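Pasting upload_4.csv here (CSV, C-alpha atoms):
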chain,number,residue,atom,x,y,z
O,1,MET,CA,0.0,0.0,0.0
O,2,ARG,CA,1.2,3.5,-0.8
O,3,ALA,CA,0.9,6.2,1.9
O,4,THR,CA,1.0,9.9,1.2
O,5,VAL,CA,1.3,12.4,4.1
O,6,HIS,CA,0.8,16.2,3.6
O,7,VAL,CA,2.1,18.4,6.3
O,8,PHE,CA,1.4,22.1,6.6
O,9,LEU,CA,1.9,24.8,9.2
O,10,LYS,CA,-1.5,25.3,11.0
O,11,PRO,CA,-3.6,28.3,10.0
O,12,GLY,CA,-2.6,31.1,12.3
O,13,VAL,CA,1.0,30.0,12.4
O,14,LEU,CA,3.0,32.5,10.4
O,15,ASP,CA,4.4,30.8,7.3
O,16,VAL,CA,7.4,33.1,6.4
O,17,GLN,CA,8.3,31.0,3.3
O,18,GLY,CA,4.8,31.3,2.0
O,19,LYS,CA,4.9,35.1,2.6
O,20,ALA,CA,8.2,35.3,0.7
O,21,ILE,CA,6.9,33.3,-2.2
O,22,GLU,CA,3.7,35.3,-2.3
O,23,GLY,CA,5.8,38.5,-2.5
O,24,ALA,CA,7.9,37.0,-5.4
O,25,LEU,CA,4.7,36.0,-7.3
O,26,HIS,CA,3.3,39.5,-6.9
O,27,GLY,CA,6.6,40.8,-8.2
O,28,LEU,CA,6.1,38.6,-11.3
O,29,GLY,CA,2.8,40.2,-11.9
O,30,TYR,CA,0.5,37.5,-10.4
O,31,SER,CA,-1.4,40.0,-8.3
O,32,GLY,CA,-4.3,37.7,-7.6
O,33,VAL,CA,-2.2,35.4,-5.4
O,34,SER,CA,-2.9,35.4,-1.7
O,35,GLU,CA,-2.6,33.0,1.3
O,36,VAL,CA,0.4,31.1,0.0
O,37,ARG,CA,1.3,28.2,2.3
O,38,VAL,CA,4.4,25.9,1.9
O,39,GLY,CA,4.2,22.4,3.1
O,40,LYS,CA,5.8,19.1,2.5
O,41,THR,CA,4.7,15.7,1.2
O,42,ILE,CA,6.1,12.4,2.5
O,43,VAL,CA,5.3,9.2,0.5
O,44,PHE,CA,6.2,5.7,1.4
O,45,ASP,CA,5.2,2.0,0.9
O,46,LEU,CA,3.5,0.3,3.8
O,47,ALA,CA,3.0,-3.4,4.3
O,48,GLY,CA,-0.6,-4.6,4.9
O,49,ASP,CA,-3.8,-4.6,2.9
O,50,ASP,CA,-6.3,-3.1,5.3
O,51,PRO,CA,-6.7,0.6,4.4
O,52,ALA,CA,-8.4,1.5,7.7
O,53,ARG,CA,-5.7,-0.1,9.7
O,54,SER,CA,-3.0,1.4,7.6
O,55,GLU,CA,-4.5,4.9,7.8
O,56,ALA,CA,-4.6,4.6,11.6
O,57,GLU,CA,-1.0,3.5,11.6
O,58,VAL,CA,0.1,6.4,9.4
O,59,LYS,CA,-1.8,8.9,11.6
O,60,SER,CA,0.1,7.5,14.6
O,61,MET,CA,3.4,8.1,12.7
O,62,CYS,CA,2.3,11.7,12.1
O,63,GLU,CA,1.5,12.3,15.7
O,64,ARG,CA,4.8,10.8,16.9
O,65,LEU,CA,7.2,12.0,14.3
O,66,LEU,CA,6.1,13.2,10.8
O,67,ALA,CA,4.3,16.3,12.0
O,68,ASN,CA,4.8,18.5,15.1
O,69,THR,CA,1.2,19.1,16.0
O,70,VAL,CA,2.1,22.2,18.1
O,71,ILE,CA,2.6,24.0,14.8
O,72,GLU,CA,1.6,21.7,12.0
O,73,SER,CA,-1.5,19.9,10.7
O,74,TYR,CA,-1.4,16.8,8.5
O,75,ARG,CA,-3.5,15.0,6.0
O,76,VAL,CA,-3.1,11.3,5.2
O,77,GLU,CA,-4.0,9.4,2.0
O,78,VAL,CA,-3.6,5.6,1.9
O,79,GLY,CA,-4.3,3.5,-1.2
B,1,MET,CA,30.2,18.8,39.7
B,2,LYS,CA,29.7,16.2,36.9
B,3,ALA,CA,28.3,17.1,33.5
B,4,ALA,CA,27.5,15.3,30.2
B,5,VAL,CA,27.3,16.8,26.8
B,6,ILE,CA,25.3,14.8,24.3
B,7,VAL,CA,26.8,14.6,20.8
B,8,PHE,CA,24.4,14.1,17.9
B,9,PRO,CA,25.5,13.7,14.3
B,10,GLY,CA,25.6,17.3,13.2
B,11,SER,CA,26.2,18.9,16.6
B,12,ASN,CA,28.8,21.6,16.2
B,13,CYS,CA,28.8,23.3,19.6
B,14,ASP,CA,29.5,20.2,21.7
B,15,ARG,CA,33.2,20.9,22.2
B,16,ASP,CA,32.4,24.6,22.9
B,17,CYS,CA,30.0,23.4,25.6
B,18,ARG,CA,32.5,21.1,27.1
B,19,THR,CA,35.2,23.9,27.2
B,20,ALA,CA,32.7,26.4,28.7
B,21,ILE,CA,31.7,24.0,31.5
B,22,GLU,CA,35.2,22.9,32.3
B,23,ARG,CA,36.6,26.4,32.4
B,24,THR,CA,33.8,28.0,34.3
B,25,THR,CA,33.1,25.3,36.8
B,26,GLY,CA,36.0,22.9,36.8
B,27,ALA,CA,33.5,20.1,36.3
B,28,GLU,CA,34.3,16.7,34.8
B,29,VAL,CA,32.5,16.6,31.4
B,30,ALA,CA,31.6,13.3,29.7
B,31,MET,CA,30.8,13.4,25.9
B,32,VAL,CA,28.0,11.0,25.3
B,33,TRP,CA,27.2,9.8,21.7
B,34,HIS,CA,23.5,9.9,20.8
B,35,GLY,CA,23.4,6.2,20.1
B,36,GLU,CA,24.1,5.4,23.8
B,37,SER,CA,21.1,4.2,25.8
B,38,SER,CA,22.4,5.2,29.2
B,39,LEU,CA,24.2,8.2,30.8
B,40,PRO,CA,27.0,8.2,33.4
B,41,ASP,CA,25.9,8.0,37.0
B,42,GLY,CA,25.7,11.0,39.3
B,43,LEU,CA,25.3,13.8,36.7
B,44,ASP,CA,24.5,17.3,37.9
B,45,LEU,CA,24.0,18.8,34.4
B,46,ILE,CA,23.2,17.4,30.9
B,47,VAL,CA,23.7,19.7,27.9
B,48,LEU,CA,22.1,19.3,24.5
B,49,PRO,CA,24.4,21.5,22.4
B,50,GLY,CA,23.8,23.7,19.4
B,51,GLY,CA,24.3,22.6,15.8
B,52,PHE,CA,22.3,20.9,13.0
B,53,SER,CA,21.6,17.5,14.4
B,54,TYR,CA,20.7,15.1,11.6
B,55,GLY,CA,21.1,17.9,9.1
B,56,ASP,CA,17.8,19.5,10.4
B,57,TYR,CA,16.0,16.8,8.4
B,58,LEU,CA,12.2,16.8,8.7
B,59,ARG,CA,12.2,19.6,11.3
B,60,CYS,CA,15.0,21.0,13.5
B,61,GLY,CA,15.6,18.6,16.4
B,62,ALA,CA,12.9,16.1,15.3
B,63,MET,CA,15.2,13.2,14.5
B,64,ALA,CA,17.5,13.9,17.5
B,65,ALA,CA,14.4,13.8,19.8
B,66,GLN,CA,14.0,10.2,18.8
B,67,SER,CA,17.6,9.2,19.5
B,68,PRO,CA,18.2,6.3,21.9
B,69,VAL,CA,20.0,8.6,24.4
B,70,MET,CA,17.0,10.9,24.6
B,71,ARG,CA,15.1,8.3,26.6
B,72,ALA,CA,17.8,8.4,29.3
B,73,VAL,CA,17.9,12.2,29.1
B,74,LYS,CA,14.1,12.3,29.7
B,75,ALA,CA,14.4,10.0,32.6
B,76,GLU,CA,17.1,12.1,34.2
B,77,GLY,CA,15.0,15.2,33.5
B,78,GLU,CA,12.1,13.6,35.3
B,79,ARG,CA,14.3,12.8,38.2
B,80,GLY,CA,15.2,16.5,38.6
B,81,THR,CA,18.7,16.6,37.0
B,82,ALA,CA,19.5,19.9,35.4
B,83,VAL,CA,19.1,19.7,31.6
B,84,LEU,CA,20.2,22.6,29.4
B,85,GLY,CA,19.4,22.8,25.7
B,86,VAL,CA,21.1,25.6,23.7
B,87,CYS,CA,19.9,26.5,20.2
B,88,ASN,CA,19.5,23.2,18.4
B,89,GLY,CA,19.3,21.7,22.0
B,90,PHE,CA,16.3,23.9,22.7
B,91,GLN,CA,14.7,22.7,19.5
B,92,ILE,CA,15.3,19.1,20.5
B,93,LEU,CA,13.8,19.7,24.0
B,94,CYS,CA,10.6,21.0,22.4
B,95,GLU,CA,10.5,18.2,19.9
B,96,ALA,CA,11.0,15.7,22.7
B,97,GLY,CA,8.1,17.2,24.6
B,98,MET,CA,10.3,18.2,27.5
B,99,LEU,CA,9.4,21.8,27.0
B,100,PRO,CA,6.2,23.3,25.5
B,101,GLY,CA,6.0,25.1,22.1
B,102,ALA,CA,8.2,24.9,19.0
B,103,LEU,CA,10.8,27.0,17.2
B,104,LEU,CA,9.7,28.4,13.8
B,105,ARG,CA,11.6,29.8,10.9
B,106,ASN,CA,12.9,33.3,11.8
B,107,ALA,CA,10.3,36.0,10.9
B,108,GLY,CA,12.8,37.7,8.6
B,109,LEU,CA,13.5,34.4,6.9
B,110,LYS,CA,17.2,34.9,7.4
B,111,TYR,CA,19.8,33.0,9.5
B,112,VAL,CA,20.5,35.5,12.3
B,113,CYS,CA,24.0,35.6,13.7
B,114,THR,CA,24.3,38.5,16.1
B,115,ALA,CA,25.0,39.6,19.7
B,116,VAL,CA,21.8,40.0,21.8
B,117,GLU,CA,21.1,41.7,25.1
B,118,LEU,CA,18.9,39.7,27.4
B,119,ASP,CA,16.7,40.4,30.4
B,120,VAL,CA,17.0,37.7,33.1
B,121,VAL,CA,13.3,37.6,33.9
B,122,ASN,CA,13.6,34.9,36.5
B,123,SER,CA,16.7,34.7,38.7
B,124,GLN,CA,15.2,32.1,41.0
B,125,THR,CA,16.1,29.1,38.8
B,126,ARG,CA,19.1,26.9,39.3
B,127,PHE,CA,20.4,28.2,36.0
B,128,THR,CA,20.1,31.9,36.7
B,129,ALA,CA,20.6,32.5,40.4
B,130,ALA,CA,24.0,34.2,39.9
B,131,TYR,CA,22.5,36.8,37.5
B,132,ARG,CA,20.5,38.4,40.3
B,133,GLY,CA,18.0,40.0,37.9
B,134,ARG,CA,20.4,41.6,35.5
B,135,ARG,CA,18.9,43.2,32.5
B,136,ASP,CA,21.9,43.6,30.3
B,137,VAL,CA,23.2,40.1,29.8
B,138,ARG,CA,25.1,39.8,26.5
B,139,MET,CA,25.3,36.6,24.5
B,140,THR,CA,25.1,35.7,20.8
B,141,VAL,CA,22.5,33.9,18.7
B,142,GLY,CA,23.1,32.0,15.5
B,143,ASN,CA,20.1,30.3,14.1
B,144,GLY,CA,17.6,30.1,11.2
B,145,GLU,CA,14.8,28.7,13.4
B,146,GLY,CA,14.8,30.6,16.7
B,147,ASN,CA,11.3,32.1,16.5
B,148,TYR,CA,9.6,30.7,19.6
B,149,PHE,CA,6.0,29.8,19.1
B,150,ALA,CA,3.3,28.5,21.5
B,151,ASP,CA,-0.4,29.1,21.6
B,152,GLU,CA,-1.7,32.0,23.7
B,153,ALA,CA,-2.8,29.8,26.6
B,154,THR,CA,0.6,28.3,26.8
B,155,LEU,CA,2.4,31.7,26.7
B,156,ASP,CA,0.1,33.0,29.4
B,157,ARG,CA,0.9,30.0,31.5
B,158,LEU,CA,4.7,30.4,31.0
B,159,ASP,CA,4.4,34.1,31.9
B,160,GLY,CA,2.2,33.4,34.9
B,161,GLU,CA,4.4,30.7,36.3
B,162,GLY,CA,7.6,32.6,35.9
B,163,ARG,CA,8.9,30.1,33.4
B,164,VAL,CA,10.1,32.7,30.9
B,165,VAL,CA,13.7,32.9,32.0
B,166,PHE,CA,15.4,35.1,29.3
B,167,ARG,CA,13.8,37.7,27.1
B,168,TYR,CA,15.4,39.6,24.2
B,169,ARG,CA,15.7,43.3,24.7
B,170,ARG,CA,15.5,43.6,20.9
B,171,ASN,CA,13.8,40.7,19.3
B,172,PRO,CA,16.0,39.3,16.6
B,173,ASN,CA,13.7,36.7,15.1
B,174,GLY,CA,10.0,37.3,15.8
B,175,SER,CA,9.9,35.1,18.9
B,176,ALA,CA,6.6,35.2,20.8
B,177,ARG,CA,6.7,37.7,23.6
B,178,ASP,CA,10.4,38.2,23.0
B,179,ILE,CA,11.1,34.8,24.6
B,180,ALA,CA,14.7,33.7,24.4
B,181,GLY,CA,14.6,30.9,27.0
B,182,ILE,CA,12.1,29.0,29.1
B,183,VAL,CA,12.1,26.3,31.8
B,184,ASN,CA,9.8,23.4,32.4
B,185,ALA,CA,7.3,23.4,35.3
B,186,ALA,CA,9.7,21.8,37.7
B,187,GLY,CA,12.4,24.4,36.8
B,188,ASN,CA,15.2,21.9,36.0
B,189,VAL,CA,15.0,21.9,32.2
B,190,LEU,CA,16.0,25.1,30.4
B,191,GLY,CA,15.9,25.7,26.7
B,192,MET,CA,17.4,28.8,25.2
B,193,MET,CA,18.4,30.1,21.8
B,194,PRO,CA,21.3,32.4,22.9
B,195,HIS,CA,24.6,30.7,23.5
B,196,PRO,CA,26.1,30.8,27.0
B,197,ASP,CA,28.8,28.5,25.6
B,198,ARG,CA,29.9,31.3,23.2
B,199,ALA,CA,30.1,33.9,26.0
B,200,PHE,CA,32.1,32.5,28.9
B,201,GLU,CA,35.2,34.7,28.9
B,202,ALA,CA,35.9,38.3,28.0
B,203,GLU,CA,38.0,37.3,25.0
B,204,LEU,CA,34.8,36.0,23.4
B,205,GLY,CA,33.2,39.4,23.7
B,206,SER,CA,31.2,38.6,26.8
B,207,ALA,CA,31.7,36.4,29.9
B,208,ASP,CA,28.0,36.6,30.9
B,209,GLY,CA,27.4,33.0,29.9
B,210,ALA,CA,29.8,31.8,32.7
B,211,LEU,CA,27.2,32.8,35.3
B,212,LEU,CA,24.8,30.3,34.0
B,213,PHE,CA,27.2,27.4,34.4
B,214,GLN,CA,28.3,28.8,37.8
B,215,SER,CA,24.7,28.9,38.9
B,216,VAL,CA,24.3,25.2,38.1
B,217,LEU,CA,27.5,24.5,39.9
B,218,ALA,CA,26.3,26.4,43.0
B,219,SER,CA,23.1,24.4,43.0
B,220,ALA,CA,24.8,21.0,42.4
The structure given in the file should be rewritten as structure tokens.
Amino acid sequence: MRATVHVFLKPGVLDVQGKAIEGALHGLGYSGVSEVRVGKTIVFDLAGDDPARSEAEVKSMCERLLANTVIESYRVEVG
Amino acid sequence: MKAAVIVFPGSNCDRDCRTAIERTTGAEVAMVWHGESSLPDGLDLIVLPGGFSYGDYLRCGAMAAQSPVMRAVKAEGERGTAVLGVCNGFQILCEAGMLPGALLRNAGLKYVCTAVELDVVNSQTRFTAAYRGRRDVRMTVGNGEGNYFADEATLDRLDGEGRVVFRYRRNPNGSARDIAGIVNAAGNVLGMMPHPDRAFEAELGSADGALLFQSVLASA
């Protein structure tokens, strides 16, 4: 099974990279751009064939290591 | 006094910390590799040094917080041994759940390497007794992720319980409420972004960091 984890800074936590990219996009003339957020995607293979169980396992990985839930939120896709 | 400095792959202030402790306190300092699962007996101080442990992969301090030695460090912290995390060490303490909050990318996006002046907000801790409330303590910071963040309730609690130990007089990185260093509820775990290990004798531009190690010595 393939797991995909998306990690982003929580809303309300200043994303300075997002701000810098937003400024650069505005500089290129893309004036409609706002609320840029930069995150990361972590993908991996996972043994097992029960999607619900795998999803629970990946969420546990997020809570313990892949995300810092003080500042980050995460979204898991398994399939 | 007996101290240990934990060495992670990518630590780069571990020897500075050892020298600072030895010269300011005369303590015996053990260098402990991160893969060890136990610490020497009878420690009075454990230091998590600055640097870029594990190349800052995933998040600063995230991988180091999972190192085998950190289980022993947590156990010592719970027993009341003094634990000091400087810079990357502060990030590791937060990632390990030994201190609340997290260190974000600096508000100006730049790596900041500069001298800072600090208020010693709480001189009642075992790390700061020798400062006696000084408001002009000079140290240096060198970090890209030194911007302390915690939710408002946590910040209120830290302020209310006197757990903010050092505050920047001029905030270099956007840190919440100018926080430069905090302690845990029991007062024996201190995390700080400024480097006392780079300010322990006048030749380094400041000897103010020496008082921190000497405070620990006096309480040992």
Test item: residues at most 9 Å from O:Arg37, all atoms listed in the file, excluding those fewer than 5 positions along its chain, as an MDAnalysis selection string: chainID O and resid 8:9 15:19 21:22
Surrounding residues of B:Met63 excluding itself and chain neighbours under 4 positions, 9 Å, only C-alpha atoms, as a list in words: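 Result of the neighbour search: Leu65 of chain O; Ser53, Tyr54, Asp56, Tyr57, Leu58, Arg59, Ser67, Ile92 and Glu95 of chain B.
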Report the closest atom pair, with its distance in Å rounded to one decimal, for each residue of chain B that has an atom no farther than 9 Å from chain O; count all atoms listed in the file, sort by chain and then rising residue number, and write it as CSV.
residue,atom,partner,partner_atom,distance
B:Leu58,CA,O:Leu66,CA,7.4
B:Arg59,CA,O:Asn68,CA,8.4
B:Ala62,CA,O:Leu65,CA,7.1
B:Met63,CA,O:Leu65,CA,8.1
B:Gln66,CA,O:Leu65,CA,8.4
B:Glu95,CA,O:Asn68,CA,7.5
B:Pro100,CA,O:Val70,CA,8.5
B:Gly101,CA,O:Val70,CA,6.3
B:Ala102,CA,O:Val70,CA,6.7
B:Leu104,CA,O:Ile71,CA,8.4
B:Arg105,CA,O:Val16,CA,7.0
B:Asn106,CA,O:Val16,CA,7.7
B:Ala107,CA,O:Val16,CA,6.1
B:Gly108,CA,O:Val16,CA,7.4
B:Leu109,CA,O:Val16,CA,6.3
B:Phe149,CA,O:Ile71,CA,8.0
B:Ala150,CA,O:Val70,CA,7.3
B:Asp151,CA,O:Val70,CA,8.1
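Here atom CA of O:Thr4 and atom CA of B:Gly61 stand 22.8 Å from one another.
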What are the nearest atom pairs, with distances in Å to one decimal, for all residues of stretch 13-111 of chain B that come at most 10 Å from stretch 189-199 of chain B, using only C-alpha atoms, set out by chain and rising residue number as JSON lines?
{"residue": "B:Cys13", "atom": "CA", "partner": "B:Asp197", "partner_atom": "CA", "distance": 7.9}
{"residue": "B:Asp14", "atom": "CA", "partner": "B:Asp197", "partner_atom": "CA", "distance": 9.2}
{"residue": "B:Arg15", "atom": "CA", "partner": "B:Asp197", "partner_atom": "CA", "distance": 9.4}
{"residue": "B:Asp16", "atom": "CA", "partner": "B:Asp197", "partner_atom": "CA", "distance": 6.0}
{"residue": "B:Cys17", "atom": "CA", "partner": "B:Asp197", "partner_atom": "CA", "distance": 5.2}
{"residue": "B:Arg18", "atom": "CA", "partner": "B:Asp197", "partner_atom": "CA", "distance": 8.4}
{"residue": "B:Thr19", "atom": "CA", "partner": "B:Asp197", "partner_atom": "CA", "distance": 8.0}
{"residue": "B:Ala20", "atom": "CA", "partner": "B:Asp197", "partner_atom": "CA", "distance": 5.4}
{"residue": "B:Ile21", "atom": "CA", "partner": "B:Asp197", "partner_atom": "CA", "distance": 8.0}
{"residue": "B:Leu45", "atom": "CA", "partner": "B:Val189", "partner_atom": "CA", "distance": 9.8}
{"residue": "B:Ile46", "atom": "CA", "partner": "B:Val189", "partner_atom": "CA", "distance": 9.4}
{"residue": "B:Val47", "atom": "CA", "partner": "B:Leu190", "partner_atom": "CA", "distance": 9.7}
{"residue": "B:Leu48", "atom": "CA", "partner": "B:Gly191", "partner_atom": "CA", "distance": 9.2}
{"residue": "B:Pro49", "atom": "CA", "partner": "B:Asp197", "partner_atom": "CA", "distance": 8.9}
{"residue": "B:Gly50", "atom": "CA", "partner": "B:His195", "partner_atom": "CA", "distance": 8.2}
{"residue": "B:Lys74", "atom": "CA", "partner": "B:Val189", "partner_atom": "CA", "distance": 10.0}
{"residue": "B:Gly77", "atom": "CA", "partner": "B:Val189", "partner_atom": "CA", "distance": 6.8}
{"residue": "B:Glu78", "atom": "CA", "partner": "B:Val189", "partner_atom": "CA", "distance": 9.3}
{"residue": "B:Gly80", "atom": "CA", "partner": "B:Val189", "partner_atom": "CA", "distance": 8.4}
{"residue": "B:Thr81", "atom": "CA", "partner": "B:Val189", "partner_atom": "CA", "distance": 8.1}
{"residue": "B:Ala82", "atom": "CA", "partner": "B:Val189", "partner_atom": "CA", "distance": 5.9}
{"residue": "B:Val83", "atom": "CA", "partner": "B:Val189", "partner_atom": "CA", "distance": 4.7}
{"residue": "B:Leu84", "atom": "CA", "partner": "B:Leu190", "partner_atom": "CA", "distance": 5.0}
{"residue": "B:Gly85", "atom": "CA", "partner": "B:Gly191", "partner_atom": "CA", "distance": 4.7}
{"residue": "B:Val86", "atom": "CA", "partner": "B:Met192", "partner_atom": "CA", "distance": 5.1}
{"residue": "B:Cys87", "atom": "CA", "partner": "B:Met193", "partner_atom": "CA", "distance": 4.2}
{"residue": "B:Asn88", "atom": "CA", "partner": "B:Met193", "partner_atom": "CA", "distance": 7.8}
{"residue": "B:Gly89", "atom": "CA", "partner": "B:Gly191", "partner_atom": "CA", "distance": 7.0}
{"residue": "B:Phe90", "atom": "CA", "partner": "B:Gly191", "partner_atom": "CA", "distance": 4.4}
{"residue": "B:Gln91", "atom": "CA", "partner": "B:Gly191", "partner_atom": "CA", "distance": 7.9}
{"residue": "B:Ile92", "atom": "CA", "partner": "B:Gly191", "partner_atom": "CA", "distance": 9.1}
{"residue": "B:Leu93", "atom": "CA", "partner": "B:Gly191", "partner_atom": "CA", "distance": 6.9}
{"residue": "B:Cys94", "atom": "CA", "partner": "B:Gly191", "partner_atom": "CA", "distance": 8.3}
{"residue": "B:Met98", "atom": "CA", "partner": "B:Val189", "partner_atom": "CA", "distance": 7.6}
{"residue": "B:Leu99", "atom": "CA", "partner": "B:Gly191", "partner_atom": "CA", "distance": 7.6}
{"residue": "B:Leu103", "atom": "CA", "partner": "B:Met193", "partner_atom": "CA", "distance": 9.4}
Among the residues O:Ala24, O:Val7, O:Met1, O:Val33, the one that comes closest to O:Ser54 [using all atoms listed in the file]: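 For O:Ser54, the nearest of the given residues is O:Met1.
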Spatial neighbours of stretch 39-44 of chain B, max dist 8 Å, all atoms listed in the file, sep filter under 5 positions, as a ChimeraX atom specification: /B:1-4,30,32,69,72-73,81-82,216,220
